[in-house]
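Source file: work_23.csv (CSV, C-alpha atoms)
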```csv
chain,number,residue,atom,x,y,z
A,1,MET,CA,-21.9,-24.7,23.8
A,2,ALA,CA,-22.5,-28.1,22.3
A,3,MET,CA,-21.3,-27.2,18.8
A,4,THR,CA,-17.8,-26.2,20.1
A,5,LYS,CA,-15.0,-28.5,18.9
A,6,LEU,CA,-11.3,-28.0,19.4
A,7,HIS,CA,-9.2,-27.6,16.3
A,8,PRO,CA,-6.5,-30.4,16.2
A,9,LEU,CA,-3.4,-28.4,16.7
A,10,GLU,CA,0.0,-29.3,18.2
A,11,PRO,CA,1.4,-29.1,20.8
A,12,ASP,CA,-1.7,-27.6,22.5
A,13,PRO,CA,-4.9,-28.5,20.6
A,14,GLU,CA,-7.0,-26.2,22.8
A,15,THR,CA,-5.3,-22.9,22.0
A,16,TYR,CA,-3.8,-20.9,19.2
A,17,HIS,CA,-1.4,-18.1,20.2
A,18,GLY,CA,-2.9,-18.4,23.7
A,19,PHE,CA,-6.5,-18.0,22.6
A,20,PRO,CA,-9.0,-20.9,22.9
A,21,VAL,CA,-9.8,-22.5,19.6
A,22,LEU,CA,-13.3,-22.8,18.3
A,23,GLU,CA,-13.9,-25.0,15.3
A,24,MET,CA,-16.8,-23.6,13.3
A,25,HIS,CA,-18.7,-24.9,10.3
A,26,VAL,CA,-21.3,-23.6,7.9
A,27,GLY,CA,-24.6,-23.8,9.7
A,28,ASP,CA,-23.3,-23.8,13.2
A,29,PRO,CA,-25.2,-21.4,15.6
A,30,ILE,CA,-23.4,-18.2,16.5
A,31,PRO,CA,-22.5,-18.1,20.2
A,32,ILE,CA,-24.3,-15.5,22.2
A,33,PRO,CA,-22.6,-15.5,25.6
A,34,ARG,CA,-23.6,-13.3,28.5
A,35,ALA,CA,-20.3,-11.6,28.5
A,36,PRO,CA,-17.9,-11.0,25.5
A,37,GLU,CA,-15.7,-14.0,24.6
A,38,ARG,CA,-12.9,-14.3,22.1
A,39,TYR,CA,-11.8,-17.4,20.2
A,40,ALA,CA,-9.3,-18.3,17.5
A,41,VAL,CA,-11.2,-19.6,14.4
A,42,MET,CA,-9.8,-20.9,11.1
A,43,VAL,CA,-12.0,-19.2,8.5
A,44,GLY,CA,-12.1,-20.2,4.8
A,45,PRO,CA,-14.3,-18.8,2.0
A,46,ASP,CA,-17.3,-21.0,2.7
A,47,LEU,CA,-17.4,-20.1,6.4
A,48,ALA,CA,-16.8,-16.4,5.6
A,49,ARG,CA,-19.9,-16.5,3.3
A,50,TYR,CA,-21.9,-18.1,6.1
A,51,LEU,CA,-20.7,-15.5,8.7
A,52,LEU,CA,-21.6,-12.7,6.3
A,53,THR,CA,-25.3,-13.8,6.3
A,54,PHE,CA,-25.4,-12.2,9.8
A,55,ASN,CA,-24.2,-8.9,8.4
A,56,PRO,CA,-26.9,-6.3,9.2
A,57,PRO,CA,-28.3,-4.2,6.3
A,58,ASN,CA,-27.3,-0.9,8.1
A,59,ASN,CA,-23.6,-1.9,8.2
A,60,ARG,CA,-21.1,0.3,6.3
A,61,GLY,CA,-20.6,-0.3,2.6
A,62,LYS,CA,-17.8,-2.6,1.4
A,63,ARG,CA,-14.4,-1.0,1.1
A,64,THR,CA,-13.4,-2.5,-2.3
A,65,ARG,CA,-9.8,-1.3,-2.4
A,66,LYS,CA,-9.2,-2.4,1.2
A,67,ILE,CA,-10.6,-5.8,0.4
A,68,ARG,CA,-8.3,-6.2,-2.6
A,69,GLN,CA,-5.3,-5.2,-0.4
A,70,MET,CA,-6.2,-7.7,2.3
A,71,ALA,CA,-6.8,-10.5,-0.1
A,72,SER,CA,-3.5,-9.8,-1.8
A,73,ASP,CA,-1.8,-10.1,1.6
A,74,MET,CA,-3.6,-13.3,2.4
A,75,LYS,CA,-2.5,-14.9,-0.8
A,76,ALA,CA,1.1,-13.7,-0.4
A,77,LYS,CA,1.1,-15.0,3.2
A,78,ARG,CA,1.7,-11.5,4.5
A,79,TRP,CA,-1.5,-11.6,6.6
A,80,LEU,CA,-0.9,-11.7,10.4
A,81,LEU,CA,-3.2,-12.6,13.2
A,82,THR,CA,-4.4,-9.4,15.0
A,83,PRO,CA,-6.9,-8.5,17.6
A,84,GLN,CA,-9.0,-6.8,14.9
A,85,GLY,CA,-11.2,-9.7,13.8
A,86,PRO,CA,-14.9,-10.1,13.3
A,87,ILE,CA,-17.1,-9.1,16.2
A,88,PHE,CA,-20.6,-10.5,16.8
A,89,GLY,CA,-23.3,-9.0,18.9
A,90,PRO,CA,-26.7,-10.3,20.1
A,91,GLY,CA,-29.2,-11.4,17.5
A,92,PRO,CA,-26.7,-12.6,16.4
A,93,LEU,CA,-25.4,-9.8,14.2
A,94,LEU,CA,-22.0,-9.1,12.7
A,95,ILE,CA,-20.9,-5.8,14.2
A,96,ASN,CA,-17.4,-5.6,12.7
A,97,GLY,CA,-15.2,-7.4,10.2
A,98,GLN,CA,-17.3,-7.7,7.0
A,99,ASN,CA,-14.4,-6.5,4.8
A,100,THR,CA,-12.0,-9.0,6.2
A,101,LEU,CA,-14.5,-11.8,5.5
A,102,PHE,CA,-15.0,-10.5,1.9
A,103,ALA,CA,-11.2,-10.5,1.6
A,104,ILE,CA,-11.1,-14.2,2.7
A,105,ILE,CA,-13.6,-15.0,0.0
A,106,GLU,CA,-11.7,-13.1,-2.7
A,107,SER,CA,-8.4,-14.7,-1.6
A,108,GLY,CA,-9.7,-18.2,-1.5
A,109,CYS,CA,-7.4,-18.8,1.5
A,110,MET,CA,-7.9,-20.3,5.0
A,111,VAL,CA,-7.0,-17.7,7.5
A,112,TRP,CA,-6.9,-17.6,11.3
A,113,GLN,CA,-9.1,-15.0,12.8
A,114,LEU,CA,-9.8,-13.9,16.4
A,115,ILE,CA,-13.6,-13.7,16.6
A,116,ASP,CA,-15.4,-11.9,19.4
A,117,PHE,CA,-18.9,-12.9,20.5
A,118,GLY,CA,-21.4,-11.3,22.8
A,119,TRP,CA,-20.6,-7.6,22.4
A,120,PRO,CA,-23.5,-5.1,22.7
A,121,LEU,CA,-24.8,-3.5,19.5
A,122,ALA,CA,-24.0,-0.1,20.9
A,123,ILE,CA,-20.3,-0.5,20.1
A,124,MET,CA,-21.2,-0.5,16.3
A,125,SER,CA,-21.4,3.3,16.4
A,126,VAL,CA,-17.9,3.9,18.0
A,127,ILE,CA,-15.5,1.2,16.8
A,128,ASP,CA,-13.2,1.8,13.9
A,129,HIS,CA,-13.5,5.6,14.1
A,130,ALA,CA,-9.9,6.4,14.8
A,131,THR,CA,-7.5,7.3,12.0
A,132,GLY,CA,-5.9,4.2,10.6
A,133,ARG,CA,-2.2,3.7,10.5
A,134,THR,CA,-0.6,4.8,7.2
A,135,ASN,CA,2.1,2.9,5.3
A,136,ALA,CA,4.5,5.6,6.5
A,137,ASP,CA,3.4,4.8,10.1
A,138,THR,CA,4.2,1.2,9.5
A,139,LEU,CA,7.7,1.9,8.3
A,140,HIS,CA,8.3,4.3,11.2
A,141,ILE,CA,7.3,1.7,13.7
A,142,ALA,CA,9.7,-0.7,11.9
A,143,GLU,CA,12.4,2.0,12.5
A,144,VAL,CA,12.9,2.6,8.8
A,145,ALA,CA,14.7,6.0,8.3
A,146,ASN,CA,13.0,8.7,6.2
A,147,SER,CA,9.8,6.6,6.6
A,148,ALA,CA,7.4,9.1,5.0
A,149,THR,CA,9.5,9.7,1.9
A,150,VAL,CA,10.5,6.0,1.6
A,151,SER,CA,6.8,5.0,1.9
A,152,ALA,CA,5.8,7.4,-0.9
A,153,ILE,CA,8.6,6.3,-3.1
A,154,ALA,CA,7.8,2.6,-2.6
A,155,THR,CA,4.2,3.2,-3.4
A,156,ARG,CA,4.9,5.2,-6.6
A,157,VAL,CA,7.5,2.6,-7.8
A,158,TRP,CA,4.8,-0.1,-7.2
A,159,GLN,CA,2.3,2.0,-9.2
A,160,TYR,CA,4.8,2.7,-12.0
A,161,GLY,CA,5.2,-1.1,-12.5
A,162,ARG,CA,1.5,-1.3,-13.2
A,163,LEU,CA,1.2,1.9,-15.3
A,164,VAL,CA,4.3,1.9,-17.5
A,165,GLY,CA,3.5,1.9,-21.2
A,166,SER,CA,-0.2,2.7,-20.5
A,167,THR,CA,-2.3,5.9,-20.4
A,168,ARG,CA,-4.0,4.9,-17.2
A,169,SER,CA,-4.1,7.7,-14.5
A,170,ILE,CA,-2.7,7.4,-11.0
A,171,GLU,CA,-5.8,9.1,-9.8
A,172,GLY,CA,-7.9,6.6,-7.8
A,173,MET,CA,-5.4,3.8,-8.3
A,174,GLU,CA,-5.0,1.3,-5.5
A,175,VAL,CA,-1.9,1.4,-3.4
A,176,PRO,CA,0.0,-1.5,-1.7
A,177,SER,CA,-1.0,-2.5,1.8
A,178,SER,CA,1.2,-1.7,4.8
A,179,PRO,CA,2.7,-5.2,5.0
A,180,GLU,CA,3.4,-5.1,1.3
A,181,VAL,CA,5.2,-1.8,1.5
A,182,LEU,CA,7.3,-3.1,4.4
A,183,GLU,CA,8.2,-6.2,2.4
A,184,ILE,CA,9.1,-4.1,-0.7
A,185,VAL,CA,11.4,-1.8,1.3
A,186,ASP,CA,12.9,-4.6,3.2
A,187,ALA,CA,13.9,-6.3,-0.1
A,188,ASP,CA,15.9,-3.2,-1.2
A,189,PRO,CA,16.6,-1.0,1.8
A,190,ASP,CA,19.8,0.7,0.7
A,191,ALA,CA,18.3,1.7,-2.7
A,192,TYR,CA,15.2,3.2,-1.1
A,193,GLN,CA,17.3,5.2,1.4
A,194,ALA,CA,19.6,6.5,-1.4
A,195,ALA,CA,16.5,7.5,-3.4
A,196,ALA,CA,15.0,9.3,-0.4
A,197,ARG,CA,18.2,11.2,0.3
A,198,ASP,CA,18.7,12.3,-3.3
A,199,GLY,CA,15.0,13.2,-3.6
A,200,LYS,CA,15.2,15.5,-0.6
A,201,ARG,CA,18.5,17.0,-1.8
A,202,ILE,CA,17.1,18.0,-5.1
A,203,TYR,CA,13.9,19.2,-3.5
A,204,GLU,CA,15.9,21.6,-1.3
A,205,ARG,CA,18.4,22.7,-3.9
A,206,LEU,CA,15.6,23.7,-6.3
A,207,ASP,CA,13.7,25.8,-3.8
A,208,LYS,CA,11.2,23.1,-2.7
A,209,ALA,CA,10.6,22.1,-6.3
A,210,CYS,CA,8.1,19.3,-7.1
A,211,GLY,CA,8.4,17.1,-4.1
A,212,PRO,CA,11.1,14.8,-2.6
A,213,ALA,CA,9.1,11.6,-3.3
A,214,ALA,CA,8.7,12.4,-7.0
A,215,TRP,CA,12.5,13.0,-7.4
A,216,GLY,CA,13.2,9.9,-5.3
A,217,THR,CA,10.9,7.7,-7.3
A,218,ALA,CA,12.7,8.7,-10.5
A,219,HIS,CA,16.1,8.1,-8.8
A,220,TYR,CA,15.1,4.6,-7.7
A,221,LEU,CA,13.7,3.6,-11.1
A,222,ILE,CA,16.7,5.0,-13.0
A,223,ALA,CA,19.2,3.4,-10.6
A,224,LYS,CA,17.8,0.0,-11.3
A,225,VAL,CA,18.6,0.3,-15.0
A,226,HIS,CA,21.6,2.7,-14.9
A,227,PRO,CA,23.3,2.4,-11.5
A,228,ASP,CA,26.5,3.9,-12.9
A,229,ARG,CA,24.9,7.0,-14.4
A,230,VAL,CA,22.1,7.9,-11.9
A,231,SER,CA,24.3,9.9,-9.6
A,232,VAL,CA,25.8,12.0,-12.4
A,233,PHE,CA,22.3,12.8,-13.8
A,234,PHE,CA,20.9,13.9,-10.4
A,235,ASP,CA,24.1,15.8,-9.5
A,236,GLU,CA,23.6,17.9,-12.7
A,237,ILE,CA,20.0,18.6,-11.8
A,238,ALA,CA,20.8,19.6,-8.2
A,239,GLU,CA,23.8,21.7,-9.2
A,240,GLU,CA,22.3,22.9,-12.5
A,241,SER,CA,25.7,22.2,-13.9
A,242,GLY,CA,24.7,20.6,-17.3
A,243,GLU,CA,25.4,22.4,-20.6
A,244,ALA,CA,23.0,25.1,-21.7
A,245,ARG,CA,19.7,23.6,-22.9
A,246,SER,CA,20.7,20.1,-21.8
A,247,ALA,CA,18.0,17.9,-20.4
A,248,THR,CA,19.2,18.3,-16.8
A,249,ARG,CA,19.3,22.1,-17.1
A,250,GLU,CA,15.9,22.3,-18.7
A,251,LEU,CA,14.3,20.0,-16.1
A,252,ALA,CA,15.8,22.0,-13.2
A,253,ARG,CA,14.7,25.3,-14.8
A,254,PHE,CA,11.2,24.0,-15.3
A,255,TYR,CA,10.8,22.7,-11.8
A,256,ARG,CA,12.5,25.4,-9.8
A,257,ARG,CA,9.9,26.8,-7.3
A,258,ARG,CA,7.2,24.8,-9.1
A,259,PRO,CA,5.0,22.5,-7.0
A,260,GLN,CA,4.3,19.0,-8.2
A,261,SER,CA,0.6,19.9,-8.8
A,262,ALA,CA,1.6,22.7,-11.3
A,263,THR,CA,1.6,20.5,-14.4
A,264,LYS,CA,1.4,21.7,-18.0
A,265,THR,CA,-0.9,18.8,-19.0
A,266,GLY,CA,-3.1,18.4,-16.0
A,267,ASP,CA,-2.0,14.8,-15.8
A,268,ASN,CA,-0.8,13.7,-12.4
A,269,ARG,CA,1.8,11.4,-14.0
A,270,GLU,CA,3.6,14.3,-15.6
A,271,PRO,CA,6.4,14.9,-13.1
A,272,LEU,CA,7.6,11.3,-13.2
A,273,GLU,CA,7.2,11.3,-17.0
A,274,LEU,CA,9.2,14.4,-17.4
A,275,MET,CA,12.0,13.0,-15.3
A,276,ILE,CA,12.2,9.8,-17.3
A,277,ARG,CA,12.0,11.7,-20.6
A,278,ALA,CA,14.8,14.0,-19.4
A,279,PHE,CA,17.0,11.0,-18.5
A,280,ASN,CA,16.3,9.2,-21.7
A,281,GLY,CA,17.4,12.3,-23.6
A,282,TRP,CA,20.4,13.1,-21.4
A,283,VAL,CA,21.8,9.5,-21.6
A,284,VAL,CA,22.2,9.9,-25.4
A,285,GLY,CA,23.1,13.6,-25.4
A,286,ARG,CA,19.7,15.0,-26.3
A,287,SER,CA,17.3,17.4,-24.7
A,288,PHE,CA,13.7,16.3,-24.1
A,289,ALA,CA,10.3,17.5,-25.3
A,290,PHE,CA,7.6,18.5,-22.8
A,291,PRO,CA,4.4,16.6,-23.4
A,292,LYS,CA,1.8,18.7,-25.1
A,293,PHE,CA,-1.3,16.6,-24.4
A,294,LYS,CA,-3.1,14.8,-21.7
A,295,GLY,CA,-3.2,11.0,-21.8
A,296,PHE,CA,0.4,10.2,-22.9
A,297,PRO,CA,1.7,6.7,-22.3
A,298,LEU,CA,4.0,6.5,-19.3
A,299,SER,CA,7.5,6.0,-20.7
A,300,ARG,CA,10.0,3.2,-19.9
A,301,ILE,CA,13.6,4.0,-19.0
A,302,ARG,CA,16.0,3.7,-21.9
A,303,PRO,CA,17.8,0.4,-21.4
A,304,ALA,CA,21.5,0.4,-20.6
```
As structure tokens, what does this structure read like?
Amino acid sequence: MAMTKLHPLEPDPETYHGFPVLEMHVGDPIPIPRAPERYAVMVGPDLARYLLTFNPPNNRGKRTRKIRQMASDMKAKRWLLTPQGPIFGPGPLLINGQNTLFAIIESGCMVWQLIDFGWPLAIMSVIDHATGRTNADTLHIAEVANSATVSAIATRVWQYGRLVGSTRSIEGMEVPSSPEVLEIVDADPDAYQAAARDGKRIYERLDKACGPAAWGTAHYLIAKVHPDRVSVFFDEIAEESGEARSATRELARFYRRRPQSATKTGDNREPLELMIRAFNGWVVGRSFAFPKFKGFPLSRIRPA
């Protein structure tokens, strides 16, 4: 291929992570080898736009949320080289990888990609059909204890930071990517484990009430503001040991045997909102009022 140029890398300019390097530019012809070949290619926004001109009209639609996640990882330097790069078939046509290329454009970054050339178009109907790894799977692979609960707590804490003070619903909201969740948990592992343990404890003590991740999210958020009071608050809920009509007793009574989906308002933020309101009342010796309407602003935790 006359257009092939080796990217000037050290110490071996011909390979990147063991893969032969192909320097591509806008306007270069797409290789169409007789048998599939794989190259490491540095792709920036301009080259990504060019490669997308080979995207067939019958390809799947853009996955906007996934594109935003990948772009965020690229900008934060969480993006890793994987075998799942763009794939080109004869024609030439882009068989796979359009969303990654859209993410490179959105991020504005230069990103290494492993690009395959020369695959038959028939694989378009069978690739990417397996169930993708979840954030919980990523934490499990990283040997994080209580991976499913910790993943859910980290996601909800991430969402709370973007929703607090607003009336925006969690429904349909984006979630952090797997590398981002792993980074979040790695930055505060003990606090997430403590939140997961207390969340499960209250869930079991209150006859499978609400959900361990909901209790755990409230525990994590409250502990960040009131580390000296969070244990007492959740002990009172778990033991139902608070005074009659206290915020902890009222919250435990309300949620005993009640699933998280059984809200009074129909708003999916209600469980976390009630837990925060209960704490804000409890910390100053007051009870708390149940919200009577949908669309309430998500409360902040009363400062220490």
With distances taken over only C-alpha atoms, which of A:Arg256, A:His17, A:Arg245, A:Arg277 is nearest to A:Ser299?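 Among A:Arg256, A:His17, A:Arg245, A:Arg277, it is A:Arg277 that comes nearest to A:Ser299.
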Taking into account only C-alpha atoms, which residue in the set A:Tyr39, A:Trp119, A:Tyr50, A:Phe88 is nearest to A:Leu101?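 Looking at the shortest contact to A:Leu101, the residue is A:Tyr50.
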Would you compute the distance between atom CA of A:Ser241 and atom CA of A:Asn146? Give it in Å to one decimal.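 Here the two named atoms are 27.3 Å from each other.
For the pair atom CA of A:Glu240 and atom CA of A:Ala223, the separation is 19.8 Å.
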Rank A:Thr134, A:Asn99, A:Gln84, A:Thr15 by their smallest atom-to-atom distance to A:Lys66, using all atoms listed in the file, and report the top residue only.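 So, comparing all the options, the nearest one is A:Asn99.
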When you get a chance, write out N, CA and C atoms for stretch 235-257 of chain A, as an mmCIF file, keeping the file's coordinate frame.
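Just written: selection-v8.cif:
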```cif
data_model
loop_
_atom_site.group_PDB
_atom_site.id
_atom_site.type_symbol
_atom_site.label_atom_id
_atom_site.label_comp_id
_atom_site.auth_asym_id
_atom_site.auth_seq_id
_atom_site.Cartn_x
_atom_site.Cartn_y
_atom_site.Cartn_z
ATOM 1 N N ASP A 235 23.143 14.774 -9.926
ATOM 2 C CA ASP A 235 24.100 15.800 -9.500
ATOM 3 C C ASP A 235 23.920 17.036 -10.481
ATOM 4 N N GLU A 236 23.802 16.766 -11.761
ATOM 5 C CA GLU A 236 23.600 17.900 -12.700
ATOM 6 C C GLU A 236 22.339 18.613 -12.484
ATOM 7 N N ILE A 237 21.289 17.902 -12.085
ATOM 8 C CA ILE A 237 20.000 18.600 -11.800
ATOM 9 C C ILE A 237 20.172 19.443 -10.542
ATOM 10 N N ALA A 238 20.725 18.855 -9.483
ATOM 11 C CA ALA A 238 20.800 19.600 -8.200
ATOM 12 C C ALA A 238 21.757 20.794 -8.339
ATOM 13 N N GLU A 239 22.849 20.657 -9.089
ATOM 14 C CA GLU A 239 23.800 21.700 -9.200
ATOM 15 C C GLU A 239 23.536 22.646 -10.427
ATOM 16 N N GLU A 240 22.585 22.207 -11.272
ATOM 17 C CA GLU A 240 22.300 22.900 -12.500
ATOM 18 C C GLU A 240 23.602 23.167 -13.287
ATOM 19 N N SER A 241 24.362 22.079 -13.370
ATOM 20 C CA SER A 241 25.700 22.200 -13.900
ATOM 21 C C SER A 241 25.802 21.612 -15.360
ATOM 22 N N GLY A 242 24.687 21.172 -15.906
ATOM 23 C CA GLY A 242 24.700 20.600 -17.300
ATOM 24 C C GLY A 242 24.907 21.761 -18.283
ATOM 25 N N GLU A 243 25.187 21.379 -19.494
ATOM 26 C CA GLU A 243 25.400 22.400 -20.600
ATOM 27 C C GLU A 243 24.052 23.093 -20.818
ATOM 28 N N ALA A 244 24.157 24.296 -21.378
ATOM 29 C CA ALA A 244 23.000 25.100 -21.700
ATOM 30 C C ALA A 244 22.034 24.275 -22.589
ATOM 31 N N ARG A 245 20.749 24.289 -22.215
ATOM 32 C CA ARG A 245 19.700 23.600 -22.900
ATOM 33 C C ARG A 245 19.800 22.073 -22.859
ATOM 34 N N SER A 246 20.682 21.570 -21.991
ATOM 35 C CA SER A 246 20.700 20.100 -21.800
ATOM 36 C C SER A 246 19.469 19.675 -21.047
ATOM 37 N N ALA A 247 19.216 18.382 -21.068
ATOM 38 C CA ALA A 247 18.000 17.900 -20.400
ATOM 39 C C ALA A 247 17.997 18.156 -18.935
ATOM 40 N N THR A 248 19.153 18.041 -18.264
ATOM 41 C CA THR A 248 19.200 18.300 -16.800
ATOM 42 C C THR A 248 18.944 19.759 -16.512
ATOM 43 N N ARG A 249 19.528 20.665 -17.304
ATOM 44 C CA ARG A 249 19.300 22.100 -17.100
ATOM 45 C C ARG A 249 17.862 22.477 -17.343
ATOM 46 N N GLU A 250 17.291 21.938 -18.403
ATOM 47 C CA GLU A 250 15.900 22.300 -18.700
ATOM 48 C C GLU A 250 14.945 21.749 -17.666
ATOM 49 N N LEU A 251 15.216 20.555 -17.151
ATOM 50 C CA LEU A 251 14.300 20.000 -16.100
ATOM 51 C C LEU A 251 14.447 20.807 -14.828
ATOM 52 N N ALA A 252 15.673 21.167 -14.436
ATOM 53 C CA ALA A 252 15.800 22.000 -13.200
ATOM 54 C C ALA A 252 15.179 23.329 -13.381
ATOM 55 N N ARG A 253 15.332 23.962 -14.530
ATOM 56 C CA ARG A 253 14.700 25.300 -14.800
ATOM 57 C C ARG A 253 13.209 25.184 -14.705
ATOM 58 N N PHE A 254 12.663 24.116 -15.297
ATOM 59 C CA PHE A 254 11.200 24.000 -15.300
ATOM 60 C C PHE A 254 10.637 23.783 -13.919
ATOM 61 N N TYR A 255 11.335 23.023 -13.090
ATOM 62 C CA TYR A 255 10.800 22.700 -11.800
ATOM 63 C C TYR A 255 11.209 23.615 -10.639
ATOM 64 N N ARG A 256 12.138 24.520 -10.864
ATOM 65 C CA ARG A 256 12.500 25.400 -9.800
ATOM 66 C C ARG A 256 11.321 26.218 -9.290
ATOM 67 N N ARG A 257 11.053 26.109 -8.006
ATOM 68 C CA ARG A 257 9.900 26.800 -7.300
ATOM 69 C C ARG A 257 8.565 26.300 -7.812
#
```
